[in-house]
Structure formats: structure tokens, C-alpha cells
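Okay, my_file-v2.txt is below, compact mmCIF, C-alpha atoms:
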```txt
# COMPACT_ATOMS: atom_id res chain seq x y z
CA MET A 718 0.00 0.00 0.00
CA ARG A 719 3.02 2.29 0.01
CA GLY A 720 2.39 5.37 -2.10
CA ASP A 721 -1.29 5.43 -1.17
CA THR A 722 -2.66 8.74 0.10
CA LEU A 723 -5.50 9.47 2.50
CA LEU A 724 -6.99 12.94 2.13
CA VAL A 725 -9.05 14.20 5.09
CA PHE A 726 -11.27 17.11 4.09
CA ALA A 727 -11.37 19.65 6.91
CA ARG A 728 -12.76 23.11 7.38
CA ALA A 729 -11.01 25.48 9.78
CA PRO A 730 -12.80 25.05 13.13
CA ARG A 731 -14.36 28.50 13.49
CA LEU A 732 -17.61 29.44 15.23
CA GLY A 733 -20.41 29.83 12.70
CA ARG A 734 -18.29 28.35 9.87
CA VAL A 735 -18.63 24.60 10.51
CA LYS A 736 -21.53 22.12 10.60
CA SER A 737 -24.22 24.69 9.77
CA ARG A 738 -27.01 22.09 9.46
CA LEU A 739 -26.00 20.58 12.81
CA ALA A 740 -25.80 24.07 14.37
CA ARG A 741 -29.43 24.74 13.42
CA GLY A 742 -30.42 21.92 15.78
CA ILE A 743 -27.91 22.19 18.64
CA GLY A 744 -26.47 25.69 18.39
CA ALA A 745 -23.30 27.04 16.82
CA MET A 746 -21.06 26.57 19.88
CA ALA A 747 -22.11 22.93 20.39
CA ALA A 748 -21.64 22.25 16.67
CA LEU A 749 -18.15 23.76 16.82
CA ARG A 750 -17.25 21.62 19.86
CA PHE A 751 -18.53 18.49 18.09
CA TYR A 752 -16.65 19.33 14.89
CA ARG A 753 -13.37 20.15 16.64
CA GLY A 754 -13.52 16.96 18.71
CA GLN A 755 -14.43 14.81 15.72
CA LEU A 756 -11.69 16.31 13.53
CA HIS A 757 -9.07 15.43 16.13
CA ALA A 758 -10.60 11.99 16.76
CA THR A 759 -10.49 11.25 13.03
CA ALA A 760 -6.84 12.29 12.84
CA ARG A 761 -6.02 10.00 15.79
CA ALA A 762 -7.99 7.08 14.33
CA VAL A 763 -6.58 7.11 10.79
CA GLY A 764 -3.97 9.83 10.42
CA ARG A 765 -0.85 8.21 11.83
CA ASP A 766 -1.07 4.82 10.13
CA ARG A 767 2.16 4.08 8.24
CA ARG A 768 0.42 2.09 5.50
CA TRP A 769 -0.55 5.35 3.79
CA ARG A 770 0.35 9.03 3.80
CA THR A 771 -2.30 11.29 5.35
CA LEU A 772 -2.89 14.88 4.29
CA LEU A 773 -5.43 17.37 5.59
CA CYS A 774 -7.21 19.11 2.70
CA VAL A 775 -8.13 22.38 4.35
CA THR A 776 -10.37 25.33 3.68
CA PRO A 777 -9.91 28.21 3.72
CA PRO A 778 -6.50 27.67 2.14
CA ARG A 779 -4.52 29.86 4.53
CA ALA A 780 -6.25 28.75 7.74
CA ARG A 781 -3.80 27.89 10.51
CA GLY A 782 -5.10 27.17 14.00
CA GLY A 783 -7.29 24.37 15.28
CA PHE A 784 -6.12 21.60 12.98
CA PRO A 785 -4.55 18.37 14.29
CA ALA A 786 -0.77 18.64 14.53
CA GLY A 787 1.66 16.42 12.70
CA LEU A 788 -0.20 16.03 9.41
CA GLY A 789 0.68 17.67 6.12
CA ARG A 790 -1.79 20.16 4.67
CA VAL A 791 -2.94 21.08 1.20
CA ALA A 792 -5.66 23.50 0.14
CA GLN A 793 -8.99 22.07 -0.99
CA GLY A 794 -9.27 24.40 -3.96
CA ARG A 795 -12.38 26.01 -5.41
CA GLY A 796 -15.78 24.90 -6.57
CA ASP A 797 -18.43 22.58 -5.22
CA LEU A 798 -17.55 19.48 -3.22
CA GLY A 799 -17.16 17.40 -6.37
CA ALA A 800 -14.75 19.85 -7.99
CA ARG A 801 -12.67 20.05 -4.81
CA MET A 802 -12.54 16.24 -4.40
CA ARG A 803 -11.63 15.75 -8.06
CA ALA A 804 -8.79 18.28 -7.75
CA ALA A 805 -7.54 16.72 -4.50
CA LEU A 806 -7.54 13.19 -5.97
CA ALA A 807 -6.04 14.16 -9.36
CA PRO A 808 -2.31 14.14 -8.43
CA HIS A 809 -2.50 10.69 -6.80
CA ARG A 810 -2.44 7.31 -8.51
CA ARG A 811 -4.48 5.78 -5.67
CA ALA A 812 -6.11 7.94 -3.03
CA ILE A 813 -9.02 8.01 -0.64
CA VAL A 814 -10.99 11.05 0.53
CA ILE A 815 -12.91 11.12 3.79
CA GLY A 816 -14.61 13.85 5.75
CA SER A 817 -14.06 14.61 9.39
CA ASP A 818 -17.63 13.95 10.56
CA ILE A 819 -17.74 10.12 10.65
CA PRO A 820 -17.51 9.04 14.30
CA GLY A 821 -17.32 5.30 13.54
CA ILE A 822 -14.34 5.44 11.19
CA ARG A 823 -11.28 3.27 11.92
CA ALA A 824 -7.93 2.64 10.32
CA ALA A 825 -9.30 -0.77 9.27
CA ASP A 826 -11.85 1.05 7.07
CA ILE A 827 -9.12 2.93 5.25
CA ALA A 828 -7.08 -0.25 4.83
CA ALA A 829 -10.17 -2.01 3.43
CA GLY A 830 -10.63 0.87 1.00
CA PHE A 831 -7.09 0.59 -0.33
CA ARG A 832 -7.42 -3.22 -0.57
CA ALA A 833 -10.60 -2.73 -2.60
CA LEU A 834 -8.73 -0.42 -4.97
CA GLY A 835 -6.46 -3.40 -5.74
CA ARG A 836 -9.34 -4.99 -7.66
CA ALA A 837 -11.75 -2.09 -8.32
CA ASP A 838 -11.48 1.25 -10.07
CA ALA A 839 -13.31 3.05 -7.28
CA VAL A 840 -14.47 2.41 -3.72
CA PHE A 841 -17.25 4.08 -1.76
CA GLY A 842 -18.30 3.97 1.87
CA PRO A 843 -22.08 4.41 1.81
CA ALA A 844 -23.60 6.71 4.41
CA GLU A 845 -26.95 6.22 6.14
CA ASP A 846 -28.32 9.38 4.49
CA GLY A 847 -27.76 8.27 0.87
CA GLY A 848 -24.38 9.96 0.48
CA TYR A 849 -20.98 8.51 1.21
CA TRP A 850 -18.36 8.89 3.91
CA LEU A 851 -15.43 7.65 1.79
CA VAL A 852 -14.50 7.76 -1.87
CA GLY A 853 -11.34 6.24 -3.29
CA LEU A 854 -10.10 6.23 -6.86
CA GLY A 855 -7.49 4.17 -8.63
CA PRO A 856 -5.75 5.06 -11.87
CA ARG A 857 -8.73 4.12 -14.12
CA ARG A 858 -11.20 6.86 -13.31
CA PRO A 859 -13.78 8.78 -15.29
CA ALA A 860 -12.85 12.25 -16.49
CA THR A 861 -15.72 13.73 -14.47
CA PRO A 862 -16.30 11.40 -11.51
CA PHE A 863 -18.51 13.85 -9.62
CA ALA A 864 -20.55 15.44 -12.44
CA ARG A 865 -24.26 16.08 -11.90
CA VAL A 866 -24.23 14.98 -8.25
CA ARG A 867 -26.97 16.36 -6.03
CA TRP A 868 -24.83 17.01 -2.95
CA SER A 869 -26.34 16.83 0.54
CA THR A 870 -29.27 14.74 -0.69
CA ALA A 871 -30.27 11.08 -0.47
CA ASP A 872 -29.25 10.78 -4.16
CA ALA A 873 -25.57 11.72 -3.80
CA LEU A 874 -24.18 8.16 -3.92
CA ALA A 875 -26.53 7.02 -6.71
CA ASP A 876 -25.68 10.13 -8.77
CA THR A 877 -21.95 9.52 -8.31
CA LEU A 878 -22.21 5.81 -9.14
CA ALA A 879 -23.88 6.76 -12.43
CA ASN A 880 -20.60 8.41 -13.42
CA PHE A 881 -18.81 5.07 -12.93
CA ALA A 882 -20.92 3.01 -15.34
CA GLY A 883 -18.77 0.27 -16.89
CA ARG A 884 -16.13 0.48 -14.17
CA ARG A 885 -15.52 -1.85 -11.24
CA VAL A 886 -16.82 -0.31 -8.00
CA ALA A 887 -16.49 -1.69 -4.47
CA LEU A 888 -18.63 -0.73 -1.48
CA LEU A 889 -17.49 -0.72 2.14
CA ARG A 890 -19.62 -0.89 5.28
CA ARG A 891 -22.39 1.65 5.83
CA LEU A 892 -21.66 4.36 8.42
CA ARG A 893 -23.43 7.46 9.67
CA ASP A 894 -21.94 10.87 9.09
CA VAL A 895 -23.18 13.60 11.38
CA ASP A 896 -24.77 16.47 9.48
CA THR A 897 -27.88 17.20 11.56
CA ALA A 898 -29.14 17.07 15.14
CA ASP A 899 -31.09 13.92 14.19
CA ASP A 900 -27.85 12.27 13.03
CA LEU A 901 -26.19 13.15 16.31
CA ALA A 902 -29.16 11.81 18.31
CA ALA A 903 -29.12 8.56 16.29
CA LEU A 904 -25.43 8.17 16.95
CA ARG A 905 -25.88 8.73 20.68
CA GLU A 906 -28.76 6.23 20.74
CA GLY A 907 -26.59 3.63 19.00
CA ARG A 908 -28.56 3.63 15.74
CA GLY A 909 -25.50 3.90 13.54
```
Conversion result in C-alpha cells:
Amino acid sequence: MRGDTLLVFARAPRLGRVKSRLARGIGAMAALRFYRGQLHATARAVGRDRRWRTLLCVTPPRARGGFPAGLGRVAQGRGDLGARMRAALAPHRRAIVIGSDIPGIRAADIAAGFRALGRADAVFGPAEDGGYWLVGLGPRRPATPFARVRWSTADALADTLANFAGRRVALLRRLRDVDTADDLAALREGRG
């Protein structure tokens, strides 16, 4: 797996700038505390594994404080989520992108993703809400892997998979990302 890269998408932890849908349900300060804690927990869970190189893909590009220490950083770039993920993945032969809002993620999930890329062109970790918590691409990828995706909807994974017609795709276990107060309540109740 040497040469593989894990890209953790992260927004600078600033009050009123992170987890806006979650903040509508629990308040901006509580959403910031959740986000900051989860960002650091994600870095601890997957960021120091020697089987791959981990980079934080940050926004805004010049943001400094609040990020986990010890990981390299690159800017996310411009555009919608798909454009930013495509740009982040482009320089890497095999890479995986995850967000920082998946409490159940483990290093074993990332390792499974890279193993899947040994036999598939792409790998996805389906999320409970119809999106995905992980996307990984190998060298055989469509020119526009994230075209016409309805982001933040129950159709995000299905829309993305449509761009991979005719390619080998692997799916990992289903996890819950935390975007809303209902997601957080479900997580606390053990429903995902």
C-alpha cells in the first residue's frame, strides 16, 4: 500500500463556519465543539497509520489554528464538493478522501478501501443518508467522476455511481456521518 494517500477534508474550526445544518439543531457553539472533537478523533484514528500518507485538505486555504498537529496540509481548492474532491484526488495514482464527521471510522476502514482499490477502479463507503463517507479512486477513473451529483441529498451516492458506469466499483460498510441534530441523536442512541 506504500504510495497510497489518505486525504481528510477539513474546514477550519471556526464558530459559525462549521456544521451549519447541525448548528441549526444544537447551536453554533455545540456544533463547533462536536466538529473540533471529531476532527481530532479522526486524525487519531486514521492519520498516523504508516500504511498510507495522510494529508489534511483544508479550507480556507490559509487557515492555521485548530487543525490536528503532525499532518501535512494542502488546500482544498475552489468549486463545489465534487470539484474540490476531483482536484484533491487528481495528483494521486491511488487515493481516498474522507470527511471529518464520521464518528465510527477506523484505520481498518481505510485499509479495506485501499485493498478494494487493488481490484476495483473506485471504492465508496455508503452513508446512512444516501451519500458517502469515503471515496477512493485508482488510476482508471472517469474524467468527471462527480458530475451532476446532487450534494447533501439522499441521491448523492446514486448520482456519483452513475458516473462510474462500466467500471468496477467496491462498497465498504455503511456508516453514519453527522450532518444534523437527528444524526447526532441517532449516533448517541446507538442507531449507527
Coordinates of box centre and edge lengths for region 865-876 of chain A, 3 Å on every side, axis-aligned, as AutoDock Vina command-line options:
```
--center_x -27.2 --center_y 12.0 --center_z -5.7 --size_x 12.1 --size_y 16.0 --size_z 18.4
```
Using all atoms listed in the file, which protein or nucleic acid residues come within 12 Å of Ala879 (chain A)? Drop anything in the same chain fewer than 2 positions from it, and give the result as an mmCIF file with C-alpha atoms, in the coordinates of the input.
```cif
data_model
loop_
_atom_site.group_PDB
_atom_site.id
_atom_site.type_symbol
_atom_site.label_atom_id
_atom_site.label_comp_id
_atom_site.auth_asym_id
_atom_site.auth_seq_id
_atom_site.Cartn_x
_atom_site.Cartn_y
_atom_site.Cartn_z
ATOM 1 C CA PRO A 859 -13.780 8.780 -15.290
ATOM 2 C CA THR A 861 -15.720 13.730 -14.470
ATOM 3 C CA PRO A 862 -16.300 11.400 -11.510
ATOM 4 C CA PHE A 863 -18.510 13.850 -9.620
ATOM 5 C CA ALA A 864 -20.550 15.440 -12.440
ATOM 6 C CA ARG A 865 -24.260 16.080 -11.900
ATOM 7 C CA VAL A 866 -24.230 14.980 -8.250
ATOM 8 C CA ARG A 867 -26.970 16.360 -6.030
ATOM 9 C CA ASP A 872 -29.250 10.780 -4.160
ATOM 10 C CA ALA A 873 -25.570 11.720 -3.800
ATOM 11 C CA LEU A 874 -24.180 8.160 -3.920
ATOM 12 C CA ALA A 875 -26.530 7.020 -6.710
ATOM 13 C CA ASP A 876 -25.680 10.130 -8.770
ATOM 14 C CA THR A 877 -21.950 9.520 -8.310
ATOM 15 C CA PHE A 881 -18.810 5.070 -12.930
ATOM 16 C CA ALA A 882 -20.920 3.010 -15.340
ATOM 17 C CA GLY A 883 -18.770 0.270 -16.890
ATOM 18 C CA ARG A 884 -16.130 0.480 -14.170
ATOM 19 C CA VAL A 886 -16.820 -0.310 -8.000
#
```
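Residues in contact with Gly847 (chain A) at 10 Å, where only C-alpha atoms are counted and same-chain residues fewer than 2 positions away are skipped, are listed as Pro843, Ala844, Glu845, Tyr849, Trp850, Trp868, Ser869, Thr870, Ala871, Asp872, Ala873, Leu874, Ala875, Arg891 and Arg893 of chain A.
Using all atoms listed in the file, the nearest neighbour of Leu772 (chain A) within the list A:Met802, A:Leu732, A:Phe726, A:Thr759 is A:Phe726.
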Counting all atoms listed in the file, the residue of A:Leu834, A:Val840, A:Ala860, A:Ile827 that sits nearest Arg810 (chain A): A:Leu834
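Each of A:Gly799, A:Arg765, A:Ala804, A:Val852 was compared to Gly787 (chain A) using only C-alpha atoms, and A:Arg765 turns out to be the nearest.
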Residue contacts of Val791 (chain A) (9 Å, all atoms listed in the file) excluding same-chain residues fewer than 3 positions away, as a PDB file with C-alpha atoms, in the frame of the given file:
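Output saved as around02.pdb:
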```pdb
ATOM      1  CA  LEU A 772      -2.890  14.880   4.290  1.00  0.00           C
ATOM      2  CA  LEU A 773      -5.430  17.370   5.590  1.00  0.00           C
ATOM      3  CA  CYS A 774      -7.210  19.110   2.700  1.00  0.00           C
ATOM      4  CA  VAL A 775      -8.130  22.380   4.350  1.00  0.00           C
ATOM      5  CA  THR A 776     -10.370  25.330   3.680  1.00  0.00           C
ATOM      6  CA  PRO A 778      -6.500  27.670   2.140  1.00  0.00           C
ATOM      7  CA  GLY A 794      -9.270  24.400  -3.960  1.00  0.00           C
ATOM      8  CA  ALA A 805      -7.540  16.720  -4.500  1.00  0.00           C
TER       9      ALA A 805
END
```
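Near region 743-752 of chain A, within a cut-off of 8 Å and counting all atoms listed in the file, sit the residues Pro730, Arg731, Leu732, Gly733, Val735, Lys736, Ser737, Ser817, Asp818 and Ala898 of chain A, with same-chain residues fewer than 5 positions away left out.
What separates CA of Asp797 (chain A) from CA of Ala903 (chain A) is a distance of 27.8 Å.
Residue nearest Leu798 (chain A), chosen from A:Ala758, A:Leu904, A:Val763, A:Ile815 and counting all atoms listed in the file: A:Ile815.
Across A:Pro808, A:Gly855, A:Gly816, A:Gly720, the tightest approach to Gly842 (chain A) is made by A:Gly816 when counting only C-alpha atoms.
Coordinates place CA of Phe831 (chain A) at a distance of 24.5 Å from CA of Arg728 (chain A).
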Which of these, A:Ala760, A:Ala786, A:Ala837, A:Ala780, has the shortest distance to Arg858 (chain A) once you count all atoms listed in the file? A:Ala837
At what distance in Å, to one decimal, does CA of Arg908 (chain A) lie from CA of Pro820 (chain A)? 12.4 Å
List the spatial neighbours of Gly835 (chain A) as number ranges by chain - criterion: any atom at most 12 Å away, only C-alpha atoms, same-chain residues fewer than 6 positions off excluded. A: 718, 721, 810-812, 828-829, 853-857, 885-887
